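File shown here: structure-v3.cif, holding mmCIF, C-alpha atoms and all ligand atoms.
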```cif
data_upload
#
loop_
_atom_site.label_atom_id
_atom_site.label_comp_id
_atom_site.auth_asym_id
_atom_site.auth_seq_id
_atom_site.Cartn_x
_atom_site.Cartn_y
_atom_site.Cartn_z
CA MET A 556 14.50 33.43 36.03
CA ARG A 557 15.99 35.21 33.05
CA VAL A 558 14.18 38.51 32.51
CA LEU A 559 15.07 40.55 29.44
CA ILE A 560 13.67 44.07 29.30
CA VAL A 561 13.70 45.65 25.86
CA LYS A 562 12.65 49.05 24.57
CA ASN A 563 9.46 48.27 22.71
CA TYR A 564 7.27 45.68 21.01
CA GLU A 565 9.46 45.53 17.88
CA GLU A 566 12.54 44.68 19.92
CA LEU A 567 10.57 42.14 21.94
CA SER A 568 9.39 40.43 18.77
CA VAL A 569 12.88 40.23 17.27
CA LYS A 570 14.46 39.03 20.53
CA ALA A 571 11.75 36.36 20.98
CA ALA A 572 12.17 35.19 17.38
CA GLU A 573 15.94 34.94 17.94
CA GLU A 574 15.36 32.67 20.94
CA VAL A 575 13.15 30.37 18.85
CA ALA A 576 15.53 30.46 15.86
CA GLU A 577 18.45 29.57 18.12
CA LEU A 578 16.66 26.38 19.16
CA ILE A 579 15.75 25.46 15.57
CA LYS A 580 19.37 25.93 14.45
CA ARG A 581 20.76 23.99 17.41
CA LYS A 582 18.15 21.21 17.16
CA PRO A 583 16.59 21.14 13.67
CA ILE A 584 14.21 18.37 14.69
CA CYS A 585 12.50 20.00 17.62
CA VAL A 586 9.14 20.57 19.23
CA LEU A 587 7.74 24.04 19.80
CA GLY A 588 4.81 24.87 22.04
CA LEU A 589 2.95 27.80 20.54
CA ALA A 590 0.68 30.52 21.89
CA THR A 591 -1.92 32.72 20.26
CA GLY A 592 -3.18 36.18 21.24
CA GLY A 593 -1.83 39.54 20.15
CA THR A 594 1.52 39.30 21.97
CA PRO A 595 3.36 36.73 19.80
CA VAL A 596 2.15 38.08 16.43
CA GLY A 597 5.30 40.20 15.91
CA MET A 598 7.52 37.23 16.82
CA TYR A 599 5.75 35.03 14.26
CA LYS A 600 6.14 37.73 11.64
CA GLU A 601 9.87 37.92 12.36
CA LEU A 602 10.19 34.11 12.20
CA ALA A 603 8.48 34.12 8.80
CA ARG A 604 10.91 36.85 7.69
CA MET A 605 13.84 34.76 8.92
CA HIS A 606 12.53 31.82 6.89
CA GLN A 607 12.07 33.89 3.75
CA SER A 608 15.24 35.98 3.86
CA GLU A 609 17.65 33.89 5.91
CA GLY A 610 16.50 30.38 5.10
CA LEU A 611 15.51 29.43 8.66
CA ASP A 612 14.29 25.88 8.08
CA PHE A 613 11.11 24.73 9.82
CA SER A 614 10.88 21.39 8.02
CA GLY A 615 11.87 19.40 11.12
CA VAL A 616 9.77 21.44 13.53
CA ALA A 617 6.68 19.99 15.19
CA THR A 618 4.31 22.36 16.97
CA PHE A 619 1.73 21.97 19.69
CA ASN A 620 -0.62 24.83 20.41
CA LEU A 621 -1.62 25.64 23.95
CA ASP A 622 -5.33 25.79 23.35
CA GLU A 623 -8.34 26.10 21.08
CA TYR A 624 -11.77 27.60 21.58
CA TYR A 625 -14.33 24.87 22.14
CA GLY A 626 -17.11 25.02 19.57
CA LEU A 627 -15.04 26.51 16.76
CA ASP A 628 -14.05 24.38 13.82
CA GLY A 629 -10.42 24.72 12.68
CA SER A 630 -11.66 26.49 9.55
CA HIS A 631 -13.51 29.17 11.56
CA PRO A 632 -11.73 32.52 11.03
CA HIS A 633 -11.43 33.05 14.80
CA SER A 634 -10.16 29.56 15.57
CA TYR A 635 -6.60 29.32 16.79
CA ARG A 636 -5.86 26.97 13.90
CA CYS A 637 -6.69 29.76 11.46
CA PHE A 638 -4.64 32.16 13.57
CA MET A 639 -1.61 29.87 13.28
CA ASP A 640 -2.06 29.44 9.55
CA ALA A 641 -2.25 33.17 8.96
CA ASN A 642 0.50 34.20 11.38
CA LEU A 643 3.10 31.47 11.02
CA VAL A 644 2.39 28.48 8.83
CA ASP A 645 1.61 30.30 5.58
CA GLY A 646 4.90 32.21 5.84
CA THR A 647 7.20 29.28 6.68
CA ASN A 648 7.84 25.68 5.62
CA ILE A 649 6.29 24.10 8.72
CA ASN A 650 4.82 20.78 7.71
CA ARG A 651 1.10 20.92 8.51
CA GLU A 652 1.17 17.24 9.41
CA ASN A 653 3.46 18.11 12.30
CA MET A 654 1.17 20.86 13.64
CA PHE A 655 -1.06 19.93 16.51
CA ILE A 656 -3.90 22.04 17.89
CA PRO A 657 -6.74 20.70 20.02
CA ASN A 658 -9.90 20.05 18.03
CA GLY A 659 -12.53 22.58 19.11
CA LYS A 660 -15.28 20.55 17.51
CA VAL A 661 -14.77 17.24 19.26
CA ALA A 662 -18.04 15.92 20.74
CA ILE A 663 -18.45 16.39 24.50
CA LYS A 664 -18.50 12.62 25.03
CA ASP A 665 -15.08 12.40 23.34
CA VAL A 666 -13.42 15.43 24.95
CA GLU A 667 -11.60 13.51 27.68
CA ALA A 668 -10.20 10.97 25.25
CA HIS A 669 -9.18 13.75 22.85
CA CYS A 670 -7.32 15.59 25.64
CA ALA A 671 -5.56 12.40 26.77
CA GLU A 672 -4.57 11.75 23.16
CA TYR A 673 -3.17 15.30 22.87
CA GLU A 674 -0.98 14.67 25.91
CA GLU A 675 0.09 11.34 24.41
CA LYS A 676 1.07 13.01 21.13
CA ILE A 677 3.27 15.50 23.00
CA LYS A 678 5.03 12.57 24.68
CA GLU A 679 5.41 10.66 21.41
CA ALA A 680 7.00 13.74 19.82
CA GLY A 681 9.60 13.68 22.59
CA GLY A 682 8.13 16.47 24.75
CA ILE A 683 8.10 20.20 24.13
CA ASP A 684 11.54 21.80 23.81
CA LEU A 685 10.42 25.40 24.07
CA GLN A 686 6.98 26.60 25.09
CA VAL A 687 5.98 30.15 24.14
CA LEU A 688 3.56 31.80 26.57
CA GLY A 689 1.65 35.04 26.70
CA ILE A 690 0.00 36.23 29.91
CA GLY A 691 -3.72 36.95 29.98
CA GLY A 692 -4.99 40.08 31.70
CA ASP A 693 -6.24 37.90 34.58
CA GLY A 694 -2.89 36.10 34.82
CA HIS A 695 -3.85 33.06 32.78
CA ILE A 696 -1.42 31.03 30.74
CA ALA A 697 -3.00 29.08 27.86
CA PHE A 698 -6.61 29.15 29.13
CA ASN A 699 -5.76 28.20 32.70
CA GLU A 700 -7.90 30.76 34.46
CA PRO A 701 -7.53 31.98 38.06
CA GLY A 702 -8.05 29.04 40.42
CA ALA A 703 -6.87 26.43 37.90
CA SER A 704 -5.11 23.48 39.46
CA LEU A 705 -1.38 23.97 39.21
CA ALA A 706 -1.13 20.25 38.41
CA SER A 707 -3.79 20.37 35.66
CA ARG A 708 -3.48 18.53 32.35
CA THR A 709 -5.07 19.18 28.96
CA ARG A 710 -8.84 19.44 29.48
CA LEU A 711 -12.03 21.36 28.77
CA VAL A 712 -12.16 24.63 30.72
CA ALA A 713 -14.59 27.52 31.13
CA LEU A 714 -13.36 31.00 30.29
CA ASN A 715 -13.29 33.78 32.85
CA GLU A 716 -15.44 36.88 32.30
CA GLN A 717 -12.36 39.09 31.95
CA THR A 718 -10.89 36.79 29.28
CA ILE A 719 -14.14 36.89 27.29
CA LYS A 720 -14.07 40.69 27.48
CA ASP A 721 -10.36 40.89 26.61
CA ASN A 722 -10.69 38.52 23.65
CA ALA A 723 -13.87 40.17 22.34
CA ARG A 724 -11.57 42.47 20.34
CA PHE A 725 -10.88 39.58 17.96
CA PHE A 726 -14.61 38.91 17.45
CA ALA A 727 -17.55 41.06 16.30
CA SER A 728 -18.88 41.16 19.88
CA ALA A 729 -18.33 39.61 23.34
CA GLU A 730 -21.39 37.38 22.73
CA GLU A 731 -19.52 35.65 19.93
CA VAL A 732 -16.56 34.64 22.10
CA PRO A 733 -16.83 30.94 22.98
CA VAL A 734 -17.20 30.33 26.72
CA TYR A 735 -15.22 27.08 26.78
CA ALA A 736 -11.85 26.03 25.48
CA ILE A 737 -9.62 22.99 25.38
CA SER A 738 -6.39 23.99 27.09
CA MET A 739 -3.11 22.39 27.97
CA GLY A 740 -2.88 22.20 31.73
CA VAL A 741 -0.44 23.99 33.98
CA GLY A 742 1.23 20.65 34.69
CA THR A 743 1.54 20.02 30.95
CA ILE A 744 3.15 23.42 30.38
CA LEU A 745 5.63 22.99 33.22
CA GLU A 746 6.98 19.83 31.57
CA ALA A 747 8.35 21.80 28.61
CA ARG A 748 12.15 21.91 28.73
CA GLU A 749 12.20 25.68 28.44
CA LEU A 750 9.60 28.46 28.69
CA LEU A 751 9.61 31.71 26.74
CA VAL A 752 7.18 34.17 28.30
CA LEU A 753 6.27 37.38 26.49
CA ALA A 754 4.36 40.47 27.59
CA ASN A 755 4.12 43.98 26.28
CA GLY A 756 2.28 47.19 27.03
CA GLU A 757 1.29 49.10 30.14
CA LYS A 758 -1.90 47.10 30.59
CA LYS A 759 0.17 44.01 31.43
CA ALA A 760 2.44 45.76 33.98
CA ASP A 761 0.41 44.81 37.09
CA ILE A 762 -0.08 41.18 36.17
CA VAL A 763 3.56 40.80 35.08
CA ALA A 764 4.75 42.11 38.48
CA LYS A 765 2.43 39.66 40.25
CA ALA A 766 3.52 36.74 38.07
CA LEU A 767 7.25 37.39 38.41
CA GLU A 768 7.54 38.85 41.88
CA GLY A 769 4.33 37.99 43.71
CA PRO A 770 3.58 34.83 45.66
CA LEU A 771 3.11 31.56 43.81
CA SER A 772 -0.65 31.17 43.60
CA SER A 773 -3.38 29.73 41.42
CA SER A 774 -5.01 33.17 41.75
CA VAL A 775 -2.29 34.35 39.35
CA VAL A 776 -1.65 31.20 37.35
CA ALA A 777 1.30 32.74 35.49
CA SER A 778 3.20 32.89 38.81
CA VAL A 779 3.78 29.16 38.30
CA ILE A 780 6.66 30.04 35.97
CA GLN A 781 8.61 30.65 39.18
CA LEU A 782 8.72 26.86 39.59
CA HIS A 783 10.35 26.19 36.23
CA PRO A 784 14.16 25.95 36.03
CA LYS A 785 14.58 27.48 32.56
CA VAL A 786 12.39 30.48 31.96
CA THR A 787 13.15 33.45 29.76
CA VAL A 788 10.74 36.36 30.13
CA ILE A 789 10.91 39.11 27.51
CA LEU A 790 9.15 42.36 28.37
CA ASP A 791 9.00 45.79 26.87
CA GLU A 792 9.65 48.75 29.16
CA GLU A 793 5.92 49.33 29.66
CA ALA A 794 5.12 45.79 30.75
CA ALA A 795 8.18 45.87 33.05
CA GLY A 796 7.00 49.17 34.56
CA LYS A 797 5.86 47.75 37.91
CA LEU A 798 8.71 45.32 38.60
CA SER A 799 10.66 46.04 41.75
CA ARG A 800 13.80 44.24 40.56
CA ALA A 801 14.01 45.70 37.05
CA ASN A 802 17.51 47.08 37.65
CA PHE A 803 18.79 43.70 38.76
CA TYR A 804 17.29 41.95 35.73
CA LYS A 805 18.97 44.49 33.46
CA PHE A 806 22.28 44.02 35.24
CA ALA A 807 22.07 40.20 34.97
CA ALA A 808 21.16 40.43 31.28
CA SER A 809 24.12 42.74 30.64
CA MET A 810 26.45 40.11 32.16
CA GLU A 811 25.36 37.36 29.77
CA GLY A 812 27.70 38.60 27.07
CA GLN A 813 30.71 38.08 29.35
CA VAL A 814 29.98 34.49 30.33
CA ARG A 815 28.31 33.59 27.01
CA LEU A 816 25.66 31.68 28.91
CA LYS A 817 22.01 32.35 29.61
CA LEU A 818 21.74 33.40 33.24
CA PHE A 819 18.49 31.83 34.42
C1 LIG A 901 -5.48 34.14 25.01
C2 LIG A 901 -4.66 32.84 24.89
C3 LIG A 901 -3.42 32.89 25.73
C4 LIG A 901 -2.73 34.24 25.55
C5 LIG A 901 -3.62 35.32 26.11
C6 LIG A 901 -2.99 36.70 26.07
O1 LIG A 901 -6.53 34.09 25.88
N1 LIG A 901 -5.40 31.68 25.22
O2 LIG A 901 -2.57 31.81 25.38
O3 LIG A 901 -1.50 34.24 26.19
O4 LIG A 901 -4.80 35.31 25.35
O5 LIG A 901 -3.43 37.42 24.99
P1 LIG A 901 -2.74 38.69 24.38
O6 LIG A 901 -1.41 38.27 23.91
O7 LIG A 901 -3.64 39.09 23.24
O8 LIG A 901 -2.69 39.70 25.47
#
```
Structure re-expressed in structure tokens:
Amino acid sequence: MRVLIVKNYEELSVKAAEEVAELIKRKPICVLGLATGGTPVGMYKELARMHQSEGLDFSGVATFNLDEYYGLDGSHPHSYRCFMDANLVDGTNINRENMFIPNGKVAIKDVEAHCAEYEEKIKEAGGIDLQVLGIGGDGHIAFNEPGASLASRTRLVALNEQTIKDNARFFASAEEVPVYAISMGVGTILEARELLVLANGEKKADIVAKALEGPLSSSVVASVIQLHPKVTVILDEEAAGKLSRANFYKFAASMEGQVRLKLF
């Protein structure tokens, strides 16, 4: 696992955007897996800046979002579709026709078919080249809550109490947070060719240490990244605060310049 520890959130955002930009430049027709939440906002802002001032071209980029709240229409201000519009799409030349986000308003009787179709669309697009992931306070990735099957596929899931509390900050109150979501599964996520995992702030330090250095377990779903062959984790000093191998990660990262290769 490639673990990059940077000073603060600004550096994390720039470094993460550079990783994404590198893929877009190397493979202009590519597929990105995108995450929501507070963590990637700075990275999206930097990507929009790169588009506006450096001409980073998103015209060949297709995107698949990890999840969507069930019950919210894409036009709802707290939907993840609106989040993506505001944080990335409006500031770049991503073609909206190539942007895929689960439909939070699909009827219950059609949910299974919708989820299967989402998986199919990922396949048709050629699979996800780079999947961006944040880590929830309870260790979730996408909305795969503690206890989620590590082989799960896109499906309807219930949200954990802690997630509802954590995400209440984006809503007027915790009561307004939907209690279900449509989420890519852990199995779906692991099929991406590369993972880019981001975490910042002291409040993520415990869960980051469990995910990176603890046992592989569905109790900490993010620990599943240990199974993937190409993972880059970018952390700020605070989120890296409880890692026991921080010095080794820093040493390995400092050696990358010499070999000009990513040391996974
Ligand atoms: C949400 C999303 C996740 C995200 C997580 C972390 O629940 N479904 O994909 O990674 O929150 O959020 P934050 O980045 O705000 O800590």
Each residue of chain A lying at most 6 Å from ligand LIG 901 (chain A) should get a row with its shortest atom-to-atom pair and the distance in Å to one decimal, counting all atoms listed in the file; could you produce that, ordered by chain and increasing number, as a Markdown table?
```
| residue | atom | partner | partner_atom | distance |
| --- | --- | --- | --- | --- |
| A:Ala590 | CA | A:LIG901 | O2 | 4.9 |
| A:Thr591 | CA | A:LIG901 | O2 | 5.2 |
| A:Gly592 | CA | A:LIG901 | O7 | 3.6 |
| A:Gly593 | CA | A:LIG901 | O7 | 3.6 |
| A:Thr594 | CA | A:LIG901 | O6 | 3.7 |
| A:Leu688 | CA | A:LIG901 | O3 | 5.6 |
| A:Gly689 | CA | A:LIG901 | O3 | 3.3 |
| A:Ile690 | CA | A:LIG901 | O3 | 4.5 |
| A:Gly691 | CA | A:LIG901 | C6 | 4.0 |
| A:Ile696 | CA | A:LIG901 | O2 | 5.5 |
| A:Ala697 | CA | A:LIG901 | O2 | 3.7 |
| A:Phe698 | CA | A:LIG901 | N1 | 4.8 |
```
| Do you have the CA of Ser738 (chain A)-CA of Arg708 (chain A) distance handy? | 8.1 Å
| Looking at all atoms listed in the file, which of A:Ala747, A:Ile579, A:Leu559, A:Ala668 is the one that sits closest to Leu790 (chain A)? | A:Leu559
What residues have an atom no more than 7 Å from (-2.5, 30.0, 16.4) in the file's own frame, counting all atoms listed in the file, and can you write them as a compact mmCIF listing (two decimals) with C-alpha atoms, in the coordinates of the input?
```txt
# COMPACT_ATOMS: atom_id res chain seq x y z
CA ALA A 590 0.68 30.52 21.89
CA THR A 591 -1.92 32.72 20.26
CA ASN A 620 -0.62 24.83 20.41
CA TYR A 635 -6.60 29.32 16.79
CA ARG A 636 -5.86 26.97 13.90
CA CYS A 637 -6.69 29.76 11.46
CA PHE A 638 -4.64 32.16 13.57
CA MET A 639 -1.61 29.87 13.28
CA ASP A 640 -2.06 29.44 9.55
```
| Nearest to Lys676 (chain A): which of A:Thr618, A:Ser704, A:Gln717, A:Ser630 is it, counting only C-alpha atoms? | A:Thr618
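For the pair CA of Lys758 (chain A) and CA of Gly646 (chain A), the interatomic distance is 29.7 Å.
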Got a moment to write region 709-732 of chain A out with N, CA, C and O atoms, as an mmCIF file, in the first residue's frame?
```
data_model
loop_
_atom_site.group_PDB
_atom_site.id
_atom_site.type_symbol
_atom_site.label_atom_id
_atom_site.label_comp_id
_atom_site.auth_asym_id
_atom_site.auth_seq_id
_atom_site.Cartn_x
_atom_site.Cartn_y
_atom_site.Cartn_z
ATOM 1 N N THR A 709 -23.562 -3.452 -5.909
ATOM 2 C CA THR A 709 -24.444 -2.287 -5.782
ATOM 3 C C THR A 709 -25.841 -2.748 -5.326
ATOM 4 O O THR A 709 -26.415 -3.679 -5.887
ATOM 5 N N ARG A 710 -26.354 -2.086 -4.301
ATOM 6 C CA ARG A 710 -27.632 -2.508 -3.695
ATOM 7 C C ARG A 710 -28.184 -1.420 -2.787
ATOM 8 O O ARG A 710 -27.496 -0.440 -2.498
ATOM 9 N N LEU A 711 -29.398 -1.663 -2.299
ATOM 10 C CA LEU A 711 -29.999 -0.764 -1.312
ATOM 11 C C LEU A 711 -29.455 -1.144 0.064
ATOM 12 O O LEU A 711 -29.409 -2.329 0.397
ATOM 13 N N VAL A 712 -29.024 -0.158 0.830
ATOM 14 C CA VAL A 712 -28.486 -0.438 2.172
ATOM 15 C C VAL A 712 -29.135 0.485 3.196
ATOM 16 O O VAL A 712 -29.653 1.557 2.847
ATOM 17 N N ALA A 713 -29.101 0.077 4.452
ATOM 18 C CA ALA A 713 -29.553 0.941 5.546
ATOM 19 C C ALA A 713 -28.335 1.666 6.105
ATOM 20 O O ALA A 713 -27.230 1.120 6.112
ATOM 21 N N LEU A 714 -28.534 2.883 6.554
ATOM 22 C CA LEU A 714 -27.407 3.643 7.110
ATOM 23 C C LEU A 714 -27.293 3.412 8.616
ATOM 24 O O LEU A 714 -28.290 3.301 9.327
ATOM 25 N N ASN A 715 -26.059 3.372 9.073
ATOM 26 C CA ASN A 715 -25.745 3.177 10.475
ATOM 27 C C ASN A 715 -26.053 4.469 11.246
ATOM 28 O O ASN A 715 -25.961 5.562 10.686
ATOM 29 N N GLU A 716 -26.380 4.298 12.536
ATOM 30 C CA GLU A 716 -26.717 5.467 13.366
ATOM 31 C C GLU A 716 -25.607 6.518 13.344
ATOM 32 O O GLU A 716 -25.855 7.712 13.217
ATOM 33 N N GLN A 717 -24.364 6.037 13.453
ATOM 34 C CA GLN A 717 -23.237 6.995 13.474
ATOM 35 C C GLN A 717 -23.147 7.787 12.162
ATOM 36 O O GLN A 717 -22.857 8.982 12.164
ATOM 37 N N THR A 718 -23.420 7.118 11.040
ATOM 38 C CA THR A 718 -23.367 7.800 9.744
ATOM 39 C C THR A 718 -24.449 8.875 9.675
ATOM 40 O O THR A 718 -24.207 9.989 9.187
ATOM 41 N N ILE A 719 -25.633 8.543 10.179
ATOM 42 C CA ILE A 719 -26.733 9.519 10.157
ATOM 43 C C ILE A 719 -26.326 10.736 10.988
ATOM 44 O O ILE A 719 -26.482 11.874 10.553
ATOM 45 N N LYS A 720 -25.736 10.472 12.143
ATOM 46 C CA LYS A 720 -25.278 11.584 12.999
ATOM 47 C C LYS A 720 -24.182 12.381 12.304
ATOM 48 O O LYS A 720 -24.211 13.609 12.251
ATOM 49 N N ASP A 721 -23.194 11.670 11.752
ATOM 50 C CA ASP A 721 -22.062 12.347 11.092
ATOM 51 C C ASP A 721 -22.544 13.203 9.922
ATOM 52 O O ASP A 721 -22.047 14.305 9.695
ATOM 53 N N ASN A 722 -23.486 12.674 9.141
ATOM 54 C CA ASN A 722 -23.915 13.382 7.933
ATOM 55 C C ASN A 722 -25.003 14.419 8.200
ATOM 56 O O ASN A 722 -25.366 15.173 7.292
ATOM 57 N N ALA A 723 -25.478 14.466 9.451
ATOM 58 C CA ALA A 723 -26.515 15.453 9.799
ATOM 59 C C ALA A 723 -25.997 16.876 9.585
ATOM 60 O O ALA A 723 -26.776 17.804 9.362
ATOM 61 N N ARG A 724 -24.657 17.038 9.607
ATOM 62 C CA ARG A 724 -24.100 18.385 9.431
ATOM 63 C C ARG A 724 -24.417 18.969 8.055
ATOM 64 O O ARG A 724 -24.395 20.182 7.880
ATOM 65 N N PHE A 725 -24.731 18.110 7.091
ATOM 66 C CA PHE A 725 -25.068 18.620 5.760
ATOM 67 C C PHE A 725 -26.565 18.937 5.649
ATOM 68 O O PHE A 725 -27.004 19.525 4.672
ATOM 69 N N PHE A 726 -27.350 18.507 6.626
ATOM 70 C CA PHE A 726 -28.806 18.698 6.595
ATOM 71 C C PHE A 726 -29.206 19.649 7.724
ATOM 72 O O PHE A 726 -28.394 19.987 8.576
ATOM 73 N N ALA A 727 -30.502 20.034 7.746
ATOM 74 C CA ALA A 727 -30.969 20.930 8.815
ATOM 75 C C ALA A 727 -30.982 20.186 10.147
ATOM 76 O O ALA A 727 -30.716 20.771 11.200
ATOM 77 N N SER A 728 -31.284 18.878 10.124
ATOM 78 C CA SER A 728 -31.277 18.097 11.361
ATOM 79 C C SER A 728 -31.056 16.626 11.020
ATOM 80 O O SER A 728 -31.196 16.221 9.858
ATOM 81 N N ALA A 729 -30.755 15.811 12.065
ATOM 82 C CA ALA A 729 -30.506 14.380 11.837
ATOM 83 C C ALA A 729 -31.758 13.694 11.285
ATOM 84 O O ALA A 729 -31.662 12.715 10.537
ATOM 85 N N GLU A 730 -32.939 14.223 11.650
ATOM 86 C CA GLU A 730 -34.204 13.612 11.191
ATOM 87 C C GLU A 730 -34.347 13.705 9.675
ATOM 88 O O GLU A 730 -35.062 12.926 9.062
ATOM 89 N N GLU A 731 -33.685 14.676 9.093
ATOM 90 C CA GLU A 731 -33.809 14.854 7.636
ATOM 91 C C GLU A 731 -32.886 13.938 6.838
ATOM 92 O O GLU A 731 -33.021 13.830 5.621
ATOM 93 N N VAL A 732 -31.915 13.322 7.516
ATOM 94 C CA VAL A 732 -30.967 12.460 6.787
ATOM 95 C C VAL A 732 -31.693 11.178 6.377
ATOM 96 O O VAL A 732 -32.304 10.520 7.222
#
```
